[in-house]
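J.: Mind looking over this structure? Questions follow.
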Amino acid sequence: MTTTEAGATAPSGNAESTESTGNTENIESSGAAVGAVVTDHDRGVHGYHKQKDEHLKRLRRIEGQIRGLQRMVDEDVYCIDVLTQVSASTKALQSFALQLLEEHLRHCVADAALKGGGEIDAKVEEATKAIGRMLRT
């Protein structure tokens, strides 16, 4: 086994040639298809991976907003004030979802485009359905 730049291991073989191209590699060996493209997505690295800490921080802030809503209801705060906080929390979640969608398009859909074939169609359909769900909320 050999280790690539991203830390993933590639199968070793007699005629191995690994050409690194950013987030993708072309691996030629007896165990892999000649010219096969291996992407971060194949290694289980998702589009949000690079901003994971920022996303978790943002989600904790949203979680705090939701806990604030619980306190407001518990303390019998005026309903319009609670609704204002609900709206702010909803907007924060929608903004987070939009950021994740953008990262999905830039990473997962782009990786599928590199591979070609039917995989790109599946990823575009998946993204389209996610957009549809976001629009319904």
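Each chain in the structure tokens gets a letter, A, B, ..., in the order shown, and its residues are numbered from 1; ligands are numbered from 1 in order too.
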Extract, using only C-alpha atoms, all DNA, RNA and protein residues at most 8 Å from Gln85 (chain A), discarding same-chain residues fewer than 3 positions from it, and format them as a list of chain:residue names.
T.: A:Gln65, A:Leu69, A:Asp81, A:Val82, A:Ala88, A:Ser89
J.: Those same residues - C-alpha atoms - I'd like them written as a PDB file, in the first residue's frame.
T.:
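And here is the file that came out, result.pdb:
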```pdb
ATOM      1  CA  GLN A  65     -31.161  30.135  19.816  1.00  0.00           C
ATOM      2  CA  LEU A  69     -36.908  29.768  22.524  1.00  0.00           C
ATOM      3  CA  ASP A  81     -41.359  38.094  20.667  1.00  0.00           C
ATOM      4  CA  VAL A  82     -41.186  34.278  20.551  1.00  0.00           C
ATOM      5  CA  ALA A  88     -34.356  34.351  13.371  1.00  0.00           C
ATOM      6  CA  SER A  89     -33.639  30.684  14.150  1.00  0.00           C
TER       7      SER A  89
END
```
J.: So that I can see what lies close to Ile62 (chain A), please list as a PDB file with all heavy atoms, in the first residue's frame the residues with an atom at most 10 Å from it, counting only C-alpha atoms and leaving out residues fewer than 2 positions away in the same chain.
T.:
```pdb
ATOM      1  N   LEU A  56     -19.701  23.538  12.939  1.00  0.00           N
ATOM      2  CA  LEU A  56     -20.106  23.110  14.284  1.00  0.00           C
ATOM      3  C   LEU A  56     -20.338  24.306  15.193  1.00  0.00           C
ATOM      4  O   LEU A  56     -21.300  24.329  15.979  1.00  0.00           O
ATOM      5  CB  LEU A  56     -19.049  22.167  14.873  1.00  0.00           C
ATOM      6  CG  LEU A  56     -18.996  20.785  14.236  1.00  0.00           C
ATOM      7  CD1 LEU A  56     -17.784  20.006  14.725  1.00  0.00           C
ATOM      8  CD2 LEU A  56     -20.279  20.014  14.505  1.00  0.00           C
ATOM      9  N   LYS A  57     -19.485  25.316  15.080  1.00  0.00           N
ATOM     10  CA  LYS A  57     -19.657  26.541  15.875  1.00  0.00           C
ATOM     11  C   LYS A  57     -20.987  27.213  15.533  1.00  0.00           C
ATOM     12  O   LYS A  57     -21.743  27.634  16.420  1.00  0.00           O
ATOM     13  CB  LYS A  57     -18.484  27.491  15.598  1.00  0.00           C
ATOM     14  CG  LYS A  57     -18.518  28.771  16.375  1.00  0.00           C
ATOM     15  CD  LYS A  57     -17.293  29.625  16.050  1.00  0.00           C
ATOM     16  CE  LYS A  57     -17.338  30.954  16.769  1.00  0.00           C
ATOM     17  NZ  LYS A  57     -16.162  31.784  16.441  1.00  0.00           N
ATOM     18  N   ARG A  58     -21.282  27.265  14.240  1.00  0.00           N
ATOM     19  CA  ARG A  58     -22.528  27.878  13.786  1.00  0.00           C
ATOM     20  C   ARG A  58     -23.744  27.095  14.284  1.00  0.00           C
ATOM     21  O   ARG A  58     -24.736  27.673  14.732  1.00  0.00           O
ATOM     22  CB  ARG A  58     -22.505  27.916  12.257  1.00  0.00           C
ATOM     23  CG  ARG A  58     -23.549  28.746  11.620  1.00  0.00           C
ATOM     24  CD  ARG A  58     -23.257  28.830  10.142  1.00  0.00           C
ATOM     25  NE  ARG A  58     -24.146  29.754   9.488  1.00  0.00           N
ATOM     26  CZ  ARG A  58     -24.154  29.966   8.184  1.00  0.00           C
ATOM     27  NH1 ARG A  58     -23.310  29.334   7.405  1.00  0.00           N
ATOM     28  NH2 ARG A  58     -24.998  30.812   7.655  1.00  0.00           N
ATOM     29  N   LEU A  59     -23.665  25.763  14.224  1.00  0.00           N
ATOM     30  CA  LEU A  59     -24.767  24.937  14.701  1.00  0.00           C
ATOM     31  C   LEU A  59     -24.968  25.068  16.209  1.00  0.00           C
ATOM     32  O   LEU A  59     -26.099  25.047  16.690  1.00  0.00           O
ATOM     33  CB  LEU A  59     -24.538  23.471  14.313  1.00  0.00           C
ATOM     34  CG  LEU A  59     -24.761  23.155  12.838  1.00  0.00           C
ATOM     35  CD1 LEU A  59     -24.264  21.754  12.511  1.00  0.00           C
ATOM     36  CD2 LEU A  59     -26.231  23.321  12.468  1.00  0.00           C
ATOM     37  N   ARG A  60     -23.880  25.220  16.940  1.00  0.00           N
ATOM     38  CA  ARG A  60     -24.012  25.441  18.403  1.00  0.00           C
ATOM     39  C   ARG A  60     -24.700  26.775  18.697  1.00  0.00           C
ATOM     40  O   ARG A  60     -25.485  26.885  19.637  1.00  0.00           O
ATOM     41  CB  ARG A  60     -22.638  25.373  19.059  1.00  0.00           C
ATOM     42  CG  ARG A  60     -22.105  23.964  19.164  1.00  0.00           C
ATOM     43  CD  ARG A  60     -20.785  23.893  19.930  1.00  0.00           C
ATOM     44  NE  ARG A  60     -20.151  22.627  19.673  1.00  0.00           N
ATOM     45  CZ  ARG A  60     -19.111  22.440  18.843  1.00  0.00           C
ATOM     46  NH1 ARG A  60     -18.558  23.470  18.232  1.00  0.00           N
ATOM     47  NH2 ARG A  60     -18.621  21.244  18.641  1.00  0.00           N
ATOM     48  N   GLY A  64     -28.216  27.261  20.588  1.00  0.00           N
ATOM     49  CA  GLY A  64     -28.441  28.233  21.660  1.00  0.00           C
ATOM     50  C   GLY A  64     -29.694  29.052  21.413  1.00  0.00           C
ATOM     51  O   GLY A  64     -30.441  29.364  22.352  1.00  0.00           O
ATOM     52  N   GLN A  65     -29.930  29.404  20.146  1.00  0.00           N
ATOM     53  CA  GLN A  65     -31.161  30.135  19.816  1.00  0.00           C
ATOM     54  C   GLN A  65     -32.393  29.293  20.144  1.00  0.00           C
ATOM     55  O   GLN A  65     -33.383  29.807  20.668  1.00  0.00           O
ATOM     56  CB  GLN A  65     -31.186  30.510  18.328  1.00  0.00           C
ATOM     57  CG  GLN A  65     -30.240  31.623  17.957  1.00  0.00           C
ATOM     58  CD  GLN A  65     -30.323  31.924  16.471  1.00  0.00           C
ATOM     59  OE1 GLN A  65     -30.007  31.081  15.638  1.00  0.00           O
ATOM     60  NE2 GLN A  65     -30.750  33.131  16.158  1.00  0.00           N
ATOM     61  N   ILE A  66     -32.334  28.013  19.840  1.00  0.00           N
ATOM     62  CA  ILE A  66     -33.472  27.117  20.108  1.00  0.00           C
ATOM     63  C   ILE A  66     -33.683  26.974  21.618  1.00  0.00           C
ATOM     64  O   ILE A  66     -34.818  27.011  22.101  1.00  0.00           O
ATOM     65  CB  ILE A  66     -33.258  25.732  19.453  1.00  0.00           C
ATOM     66  CG1 ILE A  66     -33.052  25.868  17.936  1.00  0.00           C
ATOM     67  CG2 ILE A  66     -34.411  24.785  19.772  1.00  0.00           C
ATOM     68  CD1 ILE A  66     -34.155  26.573  17.189  1.00  0.00           C
ATOM     69  N   ARG A  67     -32.591  26.846  22.364  1.00  0.00           N
ATOM     70  CA  ARG A  67     -32.727  26.795  23.825  1.00  0.00           C
ATOM     71  C   ARG A  67     -33.328  28.099  24.349  1.00  0.00           C
ATOM     72  O   ARG A  67     -34.104  28.091  25.300  1.00  0.00           O
ATOM     73  CB  ARG A  67     -31.378  26.514  24.484  1.00  0.00           C
ATOM     74  CG  ARG A  67     -31.095  25.033  24.575  1.00  0.00           C
ATOM     75  CD  ARG A  67     -29.959  24.743  25.536  1.00  0.00           C
ATOM     76  NE  ARG A  67     -28.908  24.047  24.807  1.00  0.00           N
ATOM     77  CZ  ARG A  67     -27.773  24.565  24.380  1.00  0.00           C
ATOM     78  NH1 ARG A  67     -27.469  25.815  24.624  1.00  0.00           N
ATOM     79  NH2 ARG A  67     -26.913  23.853  23.698  1.00  0.00           N
ATOM     80  N   GLY A  68     -32.949  29.212  23.726  1.00  0.00           N
ATOM     81  CA  GLY A  68     -33.532  30.502  24.089  1.00  0.00           C
ATOM     82  C   GLY A  68     -35.030  30.512  23.864  1.00  0.00           C
ATOM     83  O   GLY A  68     -35.789  31.068  24.670  1.00  0.00           O
ATOM     84  N   ALA A  88     -35.818  34.217  13.398  1.00  0.00           N
ATOM     85  CA  ALA A  88     -34.356  34.351  13.371  1.00  0.00           C
ATOM     86  C   ALA A  88     -33.687  32.980  13.346  1.00  0.00           C
ATOM     87  O   ALA A  88     -32.714  32.764  12.604  1.00  0.00           O
ATOM     88  CB  ALA A  88     -33.885  35.154  14.584  1.00  0.00           C
ATOM     89  N   SER A  89     -34.200  32.038  14.118  1.00  0.00           N
ATOM     90  CA  SER A  89     -33.639  30.684  14.150  1.00  0.00           C
ATOM     91  C   SER A  89     -33.832  29.977  12.815  1.00  0.00           C
ATOM     92  O   SER A  89     -32.934  29.290  12.322  1.00  0.00           O
ATOM     93  CB  SER A  89     -34.290  29.856  15.265  1.00  0.00           C
ATOM     94  OG  SER A  89     -34.080  30.459  16.515  1.00  0.00           O
ATOM     95  N   THR A  90     -35.000  30.149  12.245  1.00  0.00           N
ATOM     96  CA  THR A  90     -35.297  29.548  10.945  1.00  0.00           C
ATOM     97  C   THR A  90     -34.360  30.101   9.869  1.00  0.00           C
ATOM     98  O   THR A  90     -33.812  29.345   9.061  1.00  0.00           O
ATOM     99  CB  THR A  90     -36.765  29.808  10.556  1.00  0.00           C
ATOM    100  OG1 THR A  90     -37.609  29.242  11.565  1.00  0.00           O
ATOM    101  CG2 THR A  90     -37.105  29.207   9.210  1.00  0.00           C
ATOM    102  N   LYS A  91     -34.160  31.396   9.864  1.00  0.00           N
ATOM    103  CA  LYS A  91     -33.254  32.027   8.892  1.00  0.00           C
ATOM    104  C   LYS A  91     -31.824  31.536   9.083  1.00  0.00           C
ATOM    105  O   LYS A  91     -31.106  31.306   8.105  1.00  0.00           O
ATOM    106  CB  LYS A  91     -33.302  33.554   8.990  1.00  0.00           C
ATOM    107  CG  LYS A  91     -34.620  34.162   8.588  1.00  0.00           C
ATOM    108  CD  LYS A  91     -34.903  33.924   7.128  1.00  0.00           C
ATOM    109  CE  LYS A  91     -36.229  34.566   6.755  1.00  0.00           C
ATOM    110  NZ  LYS A  91     -36.716  34.100   5.466  1.00  0.00           N
ATOM    111  N   ALA A  92     -31.412  31.351  10.314  1.00  0.00           N
ATOM    112  CA  ALA A  92     -30.058  30.852  10.584  1.00  0.00           C
ATOM    113  C   ALA A  92     -29.891  29.439  10.029  1.00  0.00           C
ATOM    114  O   ALA A  92     -28.863  29.118   9.419  1.00  0.00           O
ATOM    115  CB  ALA A  92     -29.769  30.882  12.086  1.00  0.00           C
ATOM    116  N   LEU A  93     -30.891  28.580  10.221  1.00  0.00           N
ATOM    117  CA  LEU A  93     -30.828  27.220   9.680  1.00  0.00           C
ATOM    118  C   LEU A  93     -30.860  27.233   8.153  1.00  0.00           C
ATOM    119  O   LEU A  93     -30.134  26.465   7.503  1.00  0.00           O
ATOM    120  CB  LEU A  93     -31.988  26.376  10.215  1.00  0.00           C
ATOM    121  CG  LEU A  93     -31.771  25.746  11.572  1.00  0.00           C
ATOM    122  CD1 LEU A  93     -33.061  25.089  12.072  1.00  0.00           C
ATOM    123  CD2 LEU A  93     -30.648  24.724  11.519  1.00  0.00           C
ATOM    124  N   PHE A  96     -27.458  28.202   6.920  1.00  0.00           N
ATOM    125  CA  PHE A  96     -26.550  27.069   7.084  1.00  0.00           C
ATOM    126  C   PHE A  96     -26.781  26.042   5.977  1.00  0.00           C
ATOM    127  O   PHE A  96     -25.832  25.537   5.367  1.00  0.00           O
ATOM    128  CB  PHE A  96     -26.745  26.435   8.465  1.00  0.00           C
ATOM    129  CG  PHE A  96     -25.918  25.207   8.673  1.00  0.00           C
ATOM    130  CD1 PHE A  96     -24.546  25.294   8.874  1.00  0.00           C
ATOM    131  CD2 PHE A  96     -26.508  23.956   8.659  1.00  0.00           C
ATOM    132  CE1 PHE A  96     -23.773  24.155   9.055  1.00  0.00           C
ATOM    133  CE2 PHE A  96     -25.743  22.813   8.839  1.00  0.00           C
ATOM    134  CZ  PHE A  96     -24.383  22.917   9.030  1.00  0.00           C
TER     135      PHE A  96
END
```
J.: Just give me the gap between CA of Glu126 (chain A) and CA of Arg106 (chain A) in Å, one decimal is fine.
T.: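 Calculated distance between CA of Glu126 (chain A) and CA of Arg106 (chain A) is 13.8 Å.
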J.: Which value, in Å to one decimal, gives the distance between CA of Thr128 (chain A) and CA of Tyr48 (chain A)?
T.: 18.2 Å
J.: To one decimal place, how far is CA of His55 (chain A) from CA of Glu119 (chain A) in Å?
T.: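 For CA of His55 (chain A) relative to CA of Glu119 (chain A), the distance reads 27.2 Å.
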J.: Excluding Lys123 (chain A) and its own-chain neighbours fewer than 2 positions away, which residues fall within 9 Å of it when counting only C-alpha atoms? Please give them as a PDB file with N, CA and C atoms, in the first residue's frame.
T.:
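Everything below was put into selection22.pdb:
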```pdb
ATOM      1  N   LEU A 105     -22.309  21.300  -4.039  1.00  0.00           N
ATOM      2  CA  LEU A 105     -22.158  21.530  -5.474  1.00  0.00           C
ATOM      3  C   LEU A 105     -20.690  21.662  -5.863  1.00  0.00           C
ATOM      4  N   CYS A 108     -18.966  17.644  -4.144  1.00  0.00           N
ATOM      5  CA  CYS A 108     -19.525  16.343  -4.521  1.00  0.00           C
ATOM      6  C   CYS A 108     -19.955  16.310  -5.984  1.00  0.00           C
ATOM      7  N   VAL A 109     -20.659  17.347  -6.427  1.00  0.00           N
ATOM      8  CA  VAL A 109     -21.096  17.380  -7.820  1.00  0.00           C
ATOM      9  C   VAL A 109     -19.894  17.565  -8.739  1.00  0.00           C
ATOM     10  N   ALA A 112     -18.163  14.269  -9.139  1.00  0.00           N
ATOM     11  CA  ALA A 112     -18.911  13.408 -10.053  1.00  0.00           C
ATOM     12  C   ALA A 112     -18.685  13.835 -11.500  1.00  0.00           C
ATOM     13  N   ALA A 113     -18.577  15.140 -11.725  1.00  0.00           N
ATOM     14  CA  ALA A 113     -18.334  15.637 -13.079  1.00  0.00           C
ATOM     15  C   ALA A 113     -16.969  15.165 -13.587  1.00  0.00           C
ATOM     16  N   GLY A 118     -22.913   8.462 -15.689  1.00  0.00           N
ATOM     17  CA  GLY A 118     -24.198   8.686 -15.030  1.00  0.00           C
ATOM     18  C   GLY A 118     -24.084   9.258 -13.635  1.00  0.00           C
ATOM     19  N   GLU A 119     -22.890   9.242 -13.079  1.00  0.00           N
ATOM     20  CA  GLU A 119     -22.713   9.735 -11.714  1.00  0.00           C
ATOM     21  C   GLU A 119     -23.055  11.222 -11.597  1.00  0.00           C
ATOM     22  N   ILE A 120     -22.698  12.002 -12.612  1.00  0.00           N
ATOM     23  CA  ILE A 120     -23.009  13.440 -12.587  1.00  0.00           C
ATOM     24  C   ILE A 120     -24.517  13.657 -12.597  1.00  0.00           C
ATOM     25  N   ASP A 121     -25.224  12.878 -13.406  1.00  0.00           N
ATOM     26  CA  ASP A 121     -26.685  13.012 -13.458  1.00  0.00           C
ATOM     27  C   ASP A 121     -27.309  12.701 -12.101  1.00  0.00           C
ATOM     28  N   GLU A 125     -29.354  15.418  -9.811  1.00  0.00           N
ATOM     29  CA  GLU A 125     -30.720  15.108  -9.380  1.00  0.00           C
ATOM     30  C   GLU A 125     -30.836  15.181  -7.860  1.00  0.00           C
ATOM     31  N   GLU A 126     -29.835  14.647  -7.171  1.00  0.00           N
ATOM     32  CA  GLU A 126     -29.808  14.691  -5.713  1.00  0.00           C
ATOM     33  C   GLU A 126     -29.811  16.138  -5.212  1.00  0.00           C
ATOM     34  N   ALA A 127     -29.000  16.991  -5.819  1.00  0.00           N
ATOM     35  CA  ALA A 127     -28.939  18.404  -5.432  1.00  0.00           C
ATOM     36  C   ALA A 127     -30.258  19.110  -5.743  1.00  0.00           C
ATOM     37  N   THR A 128     -30.850  18.783  -6.883  1.00  0.00           N
ATOM     38  CA  THR A 128     -32.123  19.393  -7.269  1.00  0.00           C
ATOM     39  C   THR A 128     -33.216  19.052  -6.258  1.00  0.00           C
TER      40      THR A 128
END
```
J.: Just checking: using only C-alpha atoms, which residue out of A:Leu100, A:Met134, A:Leu114, A:Cys79 ends up closest to Lys52 (chain A)?
T.: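 Once distances to Lys52 (chain A) are computed over only C-alpha atoms, the minimum belongs to A:Leu100.
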